[in-house]
>>> print(open('data.csv').read())   # CSV, C-alpha atoms and all ligand atoms
chain,number,residue,atom,x,y,z
X,1,ASN,CA,231.4,33.0,213.4
X,2,ARG,CA,229.0,30.6,215.0
X,3,VAL,CA,226.5,32.3,217.2
X,4,ILE,CA,224.0,30.4,219.3
X,5,PHE,CA,220.8,31.8,220.6
X,6,SER,CA,218.0,30.1,222.5
X,7,GLY,CA,215.3,31.1,225.0
X,8,ILE,CA,213.0,29.7,227.6
X,9,GLN,CA,209.9,31.2,229.0
X,10,PRO,CA,209.5,31.8,232.8
X,11,THR,CA,206.2,29.9,232.8
X,12,GLY,CA,207.0,27.3,235.4
X,13,ILE,CA,209.7,24.7,236.2
X,14,PRO,CA,211.3,23.2,233.1
X,15,HIS,CA,210.2,19.6,232.3
X,16,LEU,CA,211.8,16.7,230.6
X,17,GLY,CA,210.8,18.0,227.2
X,18,ASN,CA,212.6,21.3,227.8
X,19,TYR,CA,215.5,19.4,229.2
X,20,LEU,CA,215.9,16.9,226.3
X,21,GLY,CA,214.7,19.2,223.5
X,22,ALA,CA,216.7,22.2,224.5
X,23,ILE,CA,218.7,22.5,227.7
X,24,LYS,CA,220.7,19.3,227.1
X,25,HIS,CA,221.9,20.8,223.8
X,26,TRP,CA,222.5,24.1,225.5
X,27,VAL,CA,224.9,22.5,227.9
X,28,LYS,CA,226.8,20.5,225.3
X,29,LEU,CA,227.2,23.5,223.0
X,30,GLN,CA,229.2,25.2,225.7
X,31,ASN,CA,232.1,22.9,224.9
X,32,LYS,CA,232.1,24.0,221.2
X,33,PRO,CA,233.4,27.2,219.7
X,34,GLY,CA,231.0,30.2,219.2
X,35,ASP,CA,229.2,32.9,221.1
X,36,ILE,CA,226.3,31.7,223.2
X,37,TYR,CA,223.2,33.6,224.3
X,38,TYR,CA,220.6,31.9,226.5
X,39,SER,CA,217.7,34.1,227.3
X,40,ILE,CA,214.9,34.0,229.9
X,41,VAL,CA,212.2,35.3,227.6
X,42,ASP,CA,209.9,37.1,230.0
X,43,LEU,CA,208.4,39.3,227.4
X,44,HIS,CA,207.1,36.3,225.5
X,45,SER,CA,205.6,34.9,228.7
X,46,LEU,CA,203.5,38.1,229.2
X,47,THR,CA,201.3,36.9,226.3
X,48,ILE,CA,199.6,34.7,228.8
X,49,PRO,CA,199.1,37.1,231.8
X,50,LYS,CA,200.2,35.8,235.2
X,51,SER,CA,200.4,37.3,238.7
X,52,ARG,CA,203.3,39.5,239.7
X,53,THR,CA,204.3,36.9,242.3
X,54,PHE,CA,204.3,34.1,239.8
X,55,MET,CA,206.5,36.0,237.3
X,56,ARG,CA,209.0,37.1,239.9
X,57,THR,CA,209.3,33.5,241.3
X,58,SER,CA,209.4,31.9,237.9
X,59,ILE,CA,212.3,34.0,236.6
X,60,LEU,CA,214.4,33.0,239.6
X,61,ASP,CA,213.3,29.4,239.4
X,62,ILE,CA,214.3,29.1,235.7
X,63,THR,CA,217.7,30.8,236.4
X,64,ALA,CA,218.4,28.3,239.2
X,65,CYS,CA,217.2,25.4,237.1
X,66,LEU,CA,219.5,26.3,234.2
X,67,LEU,CA,222.5,26.7,236.6
X,68,ALA,CA,221.6,23.4,238.2
X,69,CYS,CA,221.6,21.8,234.7
X,70,GLU,CA,225.2,23.2,234.4
X,71,ILE,CA,224.7,26.1,232.2
X,72,ASN,CA,227.9,28.1,232.8
X,73,PRO,CA,227.1,31.8,233.1
X,74,GLU,CA,230.7,32.7,232.3
X,75,ARG,CA,230.7,30.8,229.0
X,76,ALA,CA,227.2,31.5,227.9
X,77,VAL,CA,225.5,34.9,228.2
X,78,LEU,CA,222.6,34.0,230.5
X,79,TYR,CA,220.2,37.0,230.7
X,80,GLN,CA,216.7,38.3,231.0
X,81,GLN,CA,215.0,39.4,227.8
X,82,SER,CA,213.2,42.5,229.1
X,83,CYS,CA,216.5,44.0,230.4
X,84,VAL,CA,217.7,44.4,226.8
X,85,PRO,CA,215.3,46.9,225.1
X,86,GLU,CA,216.6,46.2,221.6
X,87,HIS,CA,214.6,43.0,221.5
X,88,THR,CA,211.4,45.0,221.3
X,89,LEU,CA,212.9,47.7,219.1
X,90,LEU,CA,214.0,45.2,216.5
X,91,SER,CA,210.7,43.5,216.8
X,92,TRP,CA,209.0,46.7,215.8
X,93,VAL,CA,211.2,47.1,212.8
X,94,ILE,CA,210.4,43.5,211.8
X,95,GLY,CA,206.7,44.2,212.3
X,96,CYS,CA,206.9,47.0,209.8
X,97,LEU,CA,208.2,44.6,207.1
X,98,VAL,CA,206.1,41.5,207.7
X,99,PRO,CA,202.6,41.2,206.2
X,100,VAL,CA,199.7,40.7,208.7
X,101,ASN,CA,198.6,37.5,207.0
X,102,ARG,CA,202.1,35.8,207.4
X,103,LEU,CA,201.4,35.3,211.1
X,104,LYS,CA,197.8,34.0,210.9
X,105,HIS,CA,198.5,30.3,210.8
X,106,LEU,CA,201.4,30.1,213.2
X,107,PRO,CA,200.6,27.9,216.2
X,108,GLN,CA,201.0,30.5,218.9
X,109,TRP,CA,198.0,32.3,217.4
X,110,LYS,CA,196.1,29.4,216.0
X,111,GLY,CA,196.3,27.3,219.1
X,112,ARG,CA,195.5,30.1,221.5
X,113,THR,CA,192.0,28.9,222.4
X,114,TYR,CA,193.3,25.6,223.6
X,115,ILE,CA,195.7,27.0,226.2
X,116,HIS,CA,194.1,27.3,229.5
X,117,ASN,CA,195.8,27.3,232.8
X,118,GLU,CA,194.9,27.9,236.4
X,119,LYS,CA,198.2,29.8,236.9
X,120,GLN,CA,196.8,32.3,234.3
X,121,MET,CA,194.8,35.3,235.2
X,122,PRO,CA,191.3,35.4,233.7
X,123,SER,CA,191.3,36.9,230.2
X,124,VAL,CA,188.9,39.7,229.5
X,125,ASP,CA,187.8,38.6,226.1
X,126,GLY,CA,187.9,35.6,223.9
X,127,GLY,CA,189.5,37.2,220.9
X,128,GLY,CA,193.2,37.0,221.9
X,129,HIS,CA,195.7,39.8,222.3
X,130,ILE,CA,198.0,41.5,219.9
X,131,GLY,CA,201.1,40.3,221.7
X,132,ARG,CA,200.1,36.7,221.1
X,133,TYR,CA,199.7,37.5,217.4
X,134,THR,CA,203.0,39.2,217.1
X,135,TYR,CA,204.9,36.8,219.3
X,136,PRO,CA,206.8,35.2,216.3
X,137,LEU,CA,208.1,38.7,215.4
X,138,LEU,CA,209.6,39.1,218.8
X,139,GLN,CA,211.1,35.6,218.5
X,140,THR,CA,212.6,36.6,215.1
X,141,ALA,CA,214.0,39.7,216.8
X,142,ASP,CA,215.5,37.6,219.6
X,143,ILE,CA,217.5,35.5,217.1
X,144,LEU,CA,218.5,38.2,214.7
X,145,LEU,CA,219.5,40.7,217.3
X,146,TYR,CA,222.6,38.6,218.0
X,147,LYS,CA,222.9,37.5,214.4
X,148,ALA,CA,222.5,33.9,215.5
X,149,THR,CA,223.4,31.1,213.2
X,150,HIS,CA,222.1,28.2,215.3
X,151,VAL,CA,219.1,27.8,217.6
X,152,PRO,CA,219.0,24.7,219.7
X,153,ALA,CA,215.3,24.1,220.3
X,154,GLY,CA,212.4,21.7,220.2
X,155,ASP,CA,210.6,21.0,216.9
X,156,ASP,CA,207.7,23.3,217.9
X,157,GLN,CA,210.0,26.1,217.1
X,158,ALA,CA,210.8,25.0,213.5
X,159,VAL,CA,207.9,27.1,211.9
X,160,HIS,CA,209.2,30.2,213.6
X,161,LEU,CA,212.7,29.6,212.3
X,162,ILE,CA,211.3,29.5,208.7
X,163,LEU,CA,209.8,33.0,209.4
X,164,THR,CA,213.1,34.2,210.7
X,165,ASN,CA,215.0,33.0,207.7
X,166,GLU,CA,212.4,34.4,205.3
X,167,PHE,CA,212.6,37.8,207.0
X,168,ALA,CA,216.4,37.8,207.1
X,169,LYS,CA,216.5,37.1,203.3
X,170,SER,CA,214.0,39.8,202.4
X,171,PHE,CA,215.7,42.4,204.7
X,172,ASN,CA,219.1,41.6,203.2
X,173,ARG,CA,217.7,41.9,199.7
X,174,THR,CA,216.5,45.4,200.4
X,175,HIS,CA,219.1,46.7,202.7
X,176,GLY,CA,222.2,44.8,201.9
X,177,HIS,CA,223.5,41.6,203.4
X,178,PHE,CA,223.4,41.9,207.2
X,179,PHE,CA,221.5,39.0,208.9
X,180,PRO,CA,222.7,35.4,208.6
X,181,GLN,CA,220.5,32.4,207.9
X,182,THR,CA,219.7,30.4,211.1
X,183,GLN,CA,219.5,26.7,211.5
X,184,ILE,CA,217.7,24.8,214.3
X,185,ILE,CA,219.7,22.3,216.3
X,186,SER,CA,217.4,19.5,217.4
X,187,ASP,CA,217.6,15.8,217.5
X,188,PRO,CA,214.5,14.2,216.0
X,189,THR,CA,214.4,11.6,218.8
X,190,PHE,CA,214.0,14.2,221.5
X,191,ALA,CA,212.6,17.2,219.7
X,192,ARG,CA,209.0,16.5,220.9
X,193,ILE,CA,208.6,14.8,224.2
X,194,ARG,CA,204.9,14.1,224.7
X,195,ASP,CA,202.5,14.7,227.5
X,196,LEU,CA,202.5,11.5,229.6
X,197,ARG,CA,198.7,11.7,230.1
X,198,ASN,CA,198.0,12.7,226.5
X,199,PRO,CA,200.7,11.5,224.1
X,200,THR,CA,199.0,13.3,221.2
X,201,VAL,CA,200.3,16.7,222.5
X,202,LYS,CA,203.7,17.8,223.6
X,203,MET,CA,204.8,18.1,227.2
X,204,SER,CA,204.3,21.7,228.2
X,205,LYS,CA,205.0,24.0,231.2
X,206,SER,CA,201.7,25.7,230.8
X,207,SER,CA,199.4,22.7,230.3
X,208,GLN,CA,196.9,22.0,233.0
X,209,SER,CA,197.8,18.4,233.3
X,210,GLU,CA,200.5,18.4,235.9
X,211,ASN,CA,200.7,14.6,235.8
X,212,GLY,CA,201.5,14.8,232.1
X,213,ARG,CA,204.9,16.4,232.7
X,214,ILE,CA,207.9,15.5,234.8
X,215,GLU,CA,209.5,18.7,236.1
X,216,ILE,CA,213.3,18.5,236.6
X,217,THR,CA,212.9,19.3,240.3
X,218,ASP,CA,210.2,16.6,240.9
X,219,TYR,CA,210.8,14.3,243.9
X,220,ASP,CA,211.4,10.6,243.3
X,221,ASP,CA,207.9,9.5,244.4
X,222,ALA,CA,206.3,12.0,242.0
X,223,ILE,CA,208.5,10.8,239.2
X,224,ARG,CA,207.6,7.1,239.9
X,225,GLY,CA,203.8,8.0,240.2
X,226,LYS,CA,203.7,10.0,237.0
X,227,ILE,CA,205.5,7.4,234.9
X,228,LYS,CA,203.4,4.6,236.3
X,229,ARG,CA,200.3,6.4,235.3
X,230,ALA,CA,201.6,7.3,231.8
X,231,ILE,CA,199.2,6.4,229.1
X,232,THR,CA,200.5,3.6,226.9
X,233,ASP,CA,198.3,1.2,224.8
X,234,CYS,CA,197.1,-2.4,224.9
X,235,THR,CA,200.2,-4.0,223.4
X,236,SER,CA,202.5,-5.1,226.2
X,237,ALA,CA,205.8,-5.4,224.3
X,238,VAL,CA,208.2,-2.4,224.2
X,239,THR,CA,208.7,-1.2,220.6
X,240,TYR,CA,209.6,2.1,219.1
X,241,ASP,CA,207.0,3.4,216.8
X,242,PRO,CA,206.2,7.1,217.5
X,243,ASP,CA,203.3,7.3,215.0
X,244,ASN,CA,201.4,4.2,216.0
X,245,ARG,CA,202.5,3.8,219.6
X,246,PRO,CA,203.1,7.4,220.8
X,247,GLY,CA,202.8,6.6,224.5
X,248,VAL,CA,205.4,3.8,224.8
X,249,SER,CA,207.6,5.5,222.3
X,250,ASN,CA,207.6,8.6,224.4
X,251,LEU,CA,209.0,6.5,227.3
X,252,VAL,CA,211.7,5.1,224.9
X,253,GLN,CA,212.6,8.6,223.9
X,254,ILE,CA,213.0,9.7,227.5
X,255,HIS,CA,215.0,6.6,228.3
X,256,CYS,CA,217.3,7.2,225.3
X,257,GLY,CA,217.8,10.9,225.9
X,258,LEU,CA,218.9,10.4,229.5
X,259,SER,CA,221.0,7.3,228.9
X,260,ASP,CA,222.6,8.4,225.6
X,261,ILE,CA,221.4,5.3,223.7
X,262,THR,CA,219.4,4.7,220.6
X,263,PRO,CA,215.8,3.6,220.4
X,264,THR,CA,217.0,0.2,219.1
X,265,GLU,CA,219.3,-0.2,222.1
X,266,ALA,CA,216.5,0.8,224.5
X,267,CYS,CA,214.1,-1.8,223.0
X,268,ASN,CA,216.8,-4.5,223.2
X,269,THR,CA,217.2,-3.7,226.9
X,270,ALA,CA,213.5,-4.0,227.3
X,271,GLN,CA,213.2,-7.2,225.2
X,272,ASN,CA,211.9,-9.4,228.0
X,273,MET,CA,209.8,-6.7,229.8
X,274,ASP,CA,206.2,-5.7,229.5
X,275,THR,CA,205.4,-2.0,229.5
X,276,GLY,CA,204.8,-2.1,233.3
X,277,ALA,CA,208.3,-3.4,234.0
X,278,TYR,CA,209.7,-1.0,231.5
X,279,LYS,CA,208.0,1.9,233.3
X,280,THR,CA,209.9,1.0,236.4
X,281,LEU,CA,213.2,0.9,234.5
X,282,VAL,CA,212.5,4.3,232.9
X,283,ALA,CA,211.4,5.8,236.3
X,284,ASN,CA,214.8,4.7,237.8
X,285,VAL,CA,216.7,6.2,234.9
X,286,VAL,CA,214.8,9.5,235.3
X,287,ILE,CA,215.4,9.5,239.1
X,288,ASP,CA,219.1,8.8,238.7
X,289,HIS,CA,219.4,11.6,236.3
X,290,LEU,CA,217.3,14.3,237.9
X,291,SER,CA,218.1,13.9,241.6
X,292,PRO,CA,221.6,15.6,241.5
X,293,ILE,CA,220.0,18.4,239.4
X,294,ARG,CA,217.2,18.7,242.0
X,295,GLU,CA,219.7,18.9,244.8
X,296,ARG,CA,221.8,21.6,243.1
X,297,TYR,CA,218.6,23.5,242.3
X,298,PHE,CA,217.4,23.7,245.9
X,299,GLU,CA,220.8,24.9,247.0
X,300,LEU,CA,221.1,27.5,244.2
X,301,ARG,CA,217.5,28.7,244.7
X,302,GLN,CA,218.1,29.8,248.3
X,303,ASP,CA,220.5,32.6,247.3
X,304,GLU,CA,218.2,34.9,245.3
X,305,ASN,CA,220.7,37.8,245.4
X,306,ARG,CA,223.3,35.6,243.7
X,307,LEU,CA,220.8,34.6,241.0
X,308,LYS,CA,220.0,38.2,240.4
X,309,GLU,CA,223.7,39.1,240.2
X,310,ILE,CA,224.2,36.4,237.6
X,311,LEU,CA,221.4,37.7,235.5
X,312,LYS,CA,222.6,41.2,235.8
X,313,TYR,CA,226.0,40.2,234.6
X,314,GLY,CA,224.4,38.5,231.6
X,315,ASN,CA,222.1,41.4,230.9
X,316,GLN,CA,225.1,43.7,230.6
X,317,ARG,CA,227.0,41.4,228.2
X,318,ALA,CA,223.9,40.9,226.1
X,319,ALA,CA,223.1,44.6,226.0
X,320,LYS,CA,226.5,45.5,224.6
X,321,VAL,CA,226.1,43.3,221.5
X,322,ALA,CA,222.4,44.1,221.1
X,323,LYS,CA,223.1,47.8,221.0
X,324,GLU,CA,225.8,47.4,218.5
X,325,ASN,CA,223.8,45.2,216.2
X,326,PHE,CA,220.7,47.3,216.5
X,327,ASN,CA,222.6,50.5,215.7
X,328,ALA,CA,223.9,48.8,212.6
X,329,VAL,CA,220.2,48.1,211.6
X,330,ARG,CA,219.3,51.7,212.3
X,331,ASP,CA,222.2,52.7,210.1
X,332,LEU,CA,220.9,50.5,207.2
X,333,LEU,CA,217.4,51.9,207.6
X,334,GLY,CA,218.8,55.5,207.6
X,335,ILE,CA,217.6,56.4,211.0
X,336,GLN,CA,221.0,56.5,212.6
X,337,LEU,CA,222.5,59.9,212.0
B,1,LIG,P1,204.9,26.9,227.6
B,1,LIG,O1,203.9,25.8,227.7
B,1,LIG,O2,204.8,28.0,228.6
B,1,LIG,O3,205.1,27.4,226.2
B,1,LIG,P2,207.1,25.1,227.1
B,1,LIG,O4,207.1,23.8,227.8
B,1,LIG,O5,206.6,25.0,225.7
B,1,LIG,O6,206.3,26.1,227.9
B,1,LIG,P3,209.1,27.0,226.3
B,1,LIG,O7,209.7,27.9,227.3
B,1,LIG,O8,208.1,27.6,225.4
B,1,LIG,O9,208.5,25.7,227.1
B,1,LIG,O10,210.3,26.4,225.4
B,1,LIG,C1,211.6,26.2,225.8
B,1,LIG,C2,212.3,25.3,224.9
B,1,LIG,O11,211.9,23.9,225.2
B,1,LIG,C3,212.1,25.5,223.4
B,1,LIG,O12,213.3,25.3,222.7
B,1,LIG,C4,211.1,24.5,223.1
B,1,LIG,O13,211.1,24.1,221.7
B,1,LIG,C5,211.5,23.3,223.9
B,1,LIG,N1,210.4,22.4,224.2
B,1,LIG,C6,209.3,22.7,224.9
B,1,LIG,N2,208.5,21.6,225.0
B,1,LIG,C7,209.2,20.6,224.5
B,1,LIG,C8,208.9,19.2,224.3
B,1,LIG,N3,207.8,18.7,224.8
B,1,LIG,N4,209.8,18.4,223.8
B,1,LIG,C9,211.0,18.9,223.3
B,1,LIG,N5,211.3,20.3,223.4
B,1,LIG,C10,210.4,21.1,224.0
B,2,MG,MG,206.3,26.8,224.5
>>> encode(input="data.csv", output="structure tokens", more="lines below")
Ligand code: ATP
Ligand code: MG
Amino acid sequence: NRVIFSGIQPTGIPHLGNYLGAIKHWVKLQNKPGDIYYSIVDLHSLTIPKSRTFMRTSILDITACLLACEINPERAVLYQQSCVPEHTLLSWVIGCLVPVNRLKHLPQWKGRTYIHNEKQMPSVDGGGHIGRYTYPLLQTADILLYKATHVPAGDDQAVHLILTNEFAKSFNRTHGHFFPQTQIISDPTFARIRDLRNPTVKMSKSSQSENGRIEITDYDDAIRGKIKRAITDCTSAVTYDPDNRPGVSNLVQIHCGLSDITPTEACNTAQNMDTGAYKTLVANVVIDHLSPIRERYFELRQDENRLKEILKYGNQRAAKVAKENFNAVRDLLGIQL
């Protein structure tokens, strides 16, 4: 049985990277067989503390965004992570079986000093918090709690999937076969959309550079402005070479992802254009694609009670499976009498 799990943090409005790297796959997978869980992973987002208002708003924003992108809450279980306590329970079990050193080099911990954000509340010390260190354990729990076989996600999640599979294997060796192996679903062309202002890093919700990301609810003018100011290089031809020309290749990737074409096809279209003219083309493609999403978003976002009802429905469905699977784990561990 195919089981799909994926999550998104309520850390702001999703951007083109989230859309092309994850949400677009999420939508497509709804037409294939299998159980589907899409989680708003609020517990993960607590690792960078925000205000109460920010969190409350953000959870509803993300819910409306996902619905606007045509996630179907009847087909997929769309729910809020913290409403299903088994995520943290399983994460504790996993923490009891994973060595401290295994997490030391994972990016969530290693990169912590580089993540600063005005939306973030001031941190009391420079050392970093335990939650940030054990974040990958919670992620492993998210996936294994539903015995997921496939995780549609960007390539920043690949290292966490390795940990998940390692853990599952070692658990199965000791306690008998229970957890499946999980594979990532990601398309190399869209798995890492880069920051428009700094193409050496990925586009992120929690990066300070707002001009570096296009949020899926951005207005047309904002989209045009951000793409116009996107960093490219001194070559004016449009070619696809992510290693040597990350800036312009990023625009090609965005173009391809939204138009369902290959980089070769995109470059052919742009054969007689310089990067300036190509930016105008890409901006138009983005605007055409995002404006209906933005309209649906603003409509959906007005009815907060409906959004809460939708999440509540998902929470109940997720909780049922989570409880069943976690009880099976308790049984294997000998703590279920
Ligand atoms: P944050 O900066 O708060 O971590 P984020 O932009 O990284 O936000 P997440 O909520 O952490 O977004 O990730 C949601 C999904 O989007 C994940 O599957 C992740 O791999 C994917 N993703 C995030 N950024 C990109 C990107 N730039 N390109 C492709 N996929 C991405
Ligand atoms: Mg992230």
>>> atom_distance(input="data.csv", atom1="CA of Ile193 in chain X", atom2="atom C4 of ligand LIG 1 (chain B)")
10.1 Å
>>> residues_near_point(input="data.csv", point="(223.4, 33.8, 223.7)", cutoff="10 Å", atoms="only C-alpha atoms", output="PyMOL selection string")
chain X and resi 3-7+26+34-39+75-79+142-143+146+148+151+314+317-318
>>> residues_near_ligand(input="data.csv", ligand="ligand LIG 1 (chain B)", cutoff="6 Å", atoms="only C-alpha atoms and all ligand atoms", output="number ranges by chain")
X: 8-9, 11, 17-18, 21-22, 153-157, 190-194, 202-206
>>> closest_residue(input="data.csv", among="X:Ser91, X:Ser207, X:Thr174, X:Asn244", to="ligand MG 2 (chain B)", atoms="all atoms listed in the file")
X:Ser207
>>> closest_residue(input="data.csv", among="X:Asn315, X:Asn31, X:Thr239, X:Thr275", to="Ile227 in chain X", atoms="all atoms listed in the file")
X:Thr275
>>> closest_residue(input="data.csv", among="X:Tyr240, X:Tyr135, X:Tyr278, X:Phe54", to="ligand MG 2 (chain B)", atoms="only C-alpha atoms and all ligand atoms")
X:Tyr135
>>> closest_residue(input="data.csv", among="X:Val41, X:Gly212, X:Leu332, X:Pro180", to="ligand MG 2 (chain B)", atoms="all atoms listed in the file")
X:Val41
>>> residues_around(input="data.csv", residues="Gln139 in chain X", least_positions_apart="6", cutoff="9 Å", atoms="only C-alpha atoms", output="PDB file with C-alpha atoms, in the frame of the given file")
ATOM      1  CA  GLY X   7     215.300  31.100 225.000  1.00  0.00           C
ATOM      2  CA  HIS X  44     207.100  36.300 225.500  1.00  0.00           C
ATOM      3  CA  HIS X  87     214.600  43.000 221.500  1.00  0.00           C
ATOM      4  CA  SER X  91     210.700  43.500 216.800  1.00  0.00           C
ATOM      5  CA  HIS X 160     209.200  30.200 213.600  1.00  0.00           C
ATOM      6  CA  LEU X 161     212.700  29.600 212.300  1.00  0.00           C
ATOM      7  CA  THR X 164     213.100  34.200 210.700  1.00  0.00           C
TER       8      THR X 164
END
>>> atom_distance(input="data.csv", atom1="CA of Ala319 in chain X", atom2="CA of Leu138 in chain X")
16.3 Å
>>> residues_around(input="data.csv", residues="Leu251 in chain X", least_positions_apart="4", cutoff="8 Å", atoms="only C-alpha atoms", output="list in words")
Gly247, His255, Lys279 and Val282 of chain X
>>> atom_distance(input="data.csv", atom1="CA of Gly95 in chain X", atom2="CA of Thr134 in chain X")
7.9 Å
>>> closest_residue(input="data.csv", among="X:Thr200, X:Ile216, X:Lys104, X:Asp187", to="Arg294 in chain X", atoms="all atoms listed in the file")
X:Ile216
>>> residues_around(input="data.csv", residues="Leu67 in chain X", least_positions_apart="3", cutoff="12 Å", atoms="only C-alpha atoms", output="compact mmCIF listing (two decimals) with C-alpha atoms, in the coordinates of the input")
# COMPACT_ATOMS: atom_id res chain seq x y z
CA ILE X 23 218.70 22.50 227.70
CA TRP X 26 222.50 24.10 225.50
CA VAL X 27 224.90 22.50 227.90
CA TYR X 38 220.60 31.90 226.50
CA LEU X 60 214.40 33.00 239.60
CA ASP X 61 213.30 29.40 239.40
CA ILE X 62 214.30 29.10 235.70
CA THR X 63 217.70 30.80 236.40
CA ALA X 64 218.40 28.30 239.20
CA GLU X 70 225.20 23.20 234.40
CA ILE X 71 224.70 26.10 232.20
CA ASN X 72 227.90 28.10 232.80
CA PRO X 73 227.10 31.80 233.10
CA GLU X 74 230.70 32.70 232.30
CA ARG X 75 230.70 30.80 229.00
CA ALA X 76 227.20 31.50 227.90
CA LEU X 78 222.60 34.00 230.50
CA ILE X 293 220.00 18.40 239.40
CA ARG X 294 217.20 18.70 242.00
CA GLU X 295 219.70 18.90 244.80
CA ARG X 296 221.80 21.60 243.10
CA TYR X 297 218.60 23.50 242.30
CA PHE X 298 217.40 23.70 245.90
CA GLU X 299 220.80 24.90 247.00
CA LEU X 300 221.10 27.50 244.20
CA ARG X 301 217.50 28.70 244.70
CA ARG X 306 223.30 35.60 243.70
CA LEU X 307 220.80 34.60 241.00
CA ILE X 310 224.20 36.40 237.60
CA LEU X 311 221.40 37.70 235.50
>>> closest_residue(input="data.csv", among="X:Val98, X:Ala68, X:Val84, X:Val201", to="ligand MG 2 (chain B)", atoms="only C-alpha atoms and all ligand atoms")
X:Val201
>>> residues_around(input="data.csv", residues="Lys110 in chain X", least_positions_apart="6", cutoff="10 Å", atoms="all atoms listed in the file", output="list in words")
Leu103, Lys104, Arg132 and Tyr133 of chain X
>>> residues_around(input="data.csv", residues="His177 in chain X", least_positions_apart="5", cutoff="12 Å", atoms="all atoms listed in the file", output="PyMOL selection string")
chain X and resi 147+168-172+328-329+332
>>> build_atoms(input="data.csv", residues="range 141-157 of chain X", atoms="N, CA and C atoms", output="mmCIF file, in the frame of the given file")
data_model
loop_
_atom_site.group_PDB
_atom_site.id
_atom_site.type_symbol
_atom_site.label_atom_id
_atom_site.label_comp_id
_atom_site.auth_asym_id
_atom_site.auth_seq_id
_atom_site.Cartn_x
_atom_site.Cartn_y
_atom_site.Cartn_z
ATOM 1 N N ALA X 141 213.140 38.668 216.269
ATOM 2 C CA ALA X 141 214.000 39.700 216.800
ATOM 3 C C ALA X 141 215.065 39.135 217.750
ATOM 4 N N ASP X 142 214.617 38.235 218.637
ATOM 5 C CA ASP X 142 215.500 37.600 219.600
ATOM 6 C C ASP X 142 216.744 37.021 218.886
ATOM 7 N N ILE X 143 216.432 36.274 217.836
ATOM 8 C CA ILE X 143 217.500 35.500 217.100
ATOM 9 C C ILE X 143 218.359 36.456 216.307
ATOM 10 N N LEU X 144 217.732 37.378 215.568
ATOM 11 C CA LEU X 144 218.500 38.200 214.700
ATOM 12 C C LEU X 144 219.295 39.301 215.385
ATOM 13 N N LEU X 145 218.827 39.678 216.565
ATOM 14 C CA LEU X 145 219.500 40.700 217.300
ATOM 15 C C LEU X 145 220.973 40.323 217.603
ATOM 16 N N TYR X 146 221.205 39.044 217.767
ATOM 17 C CA TYR X 146 222.600 38.600 218.000
ATOM 18 C C TYR X 146 223.183 37.957 216.759
ATOM 19 N N LYS X 147 222.488 38.093 215.628
ATOM 20 C CA LYS X 147 222.900 37.500 214.400
ATOM 21 C C LYS X 147 223.212 36.018 214.540
ATOM 22 N N ALA X 148 222.274 35.327 215.203
ATOM 23 C CA ALA X 148 222.500 33.900 215.500
ATOM 24 C C ALA X 148 222.464 33.040 214.301
ATOM 25 N N THR X 149 223.367 32.070 214.276
ATOM 26 C CA THR X 149 223.400 31.100 213.200
ATOM 27 C C THR X 149 222.795 29.781 213.556
ATOM 28 N N HIS X 150 222.684 29.514 214.853
ATOM 29 C CA HIS X 150 222.100 28.200 215.300
ATOM 30 C C HIS X 150 221.204 28.451 216.508
ATOM 31 N N VAL X 151 220.065 27.756 216.464
ATOM 32 C CA VAL X 151 219.100 27.800 217.600
ATOM 33 C C VAL X 151 218.791 26.413 218.062
ATOM 34 N N PRO X 152 219.349 26.018 219.205
ATOM 35 C CA PRO X 152 219.000 24.700 219.700
ATOM 36 C C PRO X 152 217.611 24.772 220.393
ATOM 37 N N ALA X 153 216.641 24.023 219.841
ATOM 38 C CA ALA X 153 215.300 24.100 220.300
ATOM 39 C C ALA X 153 214.464 22.888 219.942
ATOM 40 N N GLY X 154 213.307 22.738 220.542
ATOM 41 C CA GLY X 154 212.400 21.700 220.200
ATOM 42 C C GLY X 154 211.745 21.892 218.844
ATOM 43 N N ASP X 155 211.069 20.872 218.301
ATOM 44 C CA ASP X 155 210.600 21.000 216.900
ATOM 45 C C ASP X 155 209.330 21.917 216.846
ATOM 46 N N ASP X 156 208.760 22.315 217.989
ATOM 47 C CA ASP X 156 207.700 23.300 217.900
ATOM 48 C C ASP X 156 208.181 24.660 217.464
ATOM 49 N N GLN X 157 209.496 24.838 217.466
ATOM 50 C CA GLN X 157 210.000 26.100 217.100
ATOM 51 C C GLN X 157 210.425 26.175 215.567
#
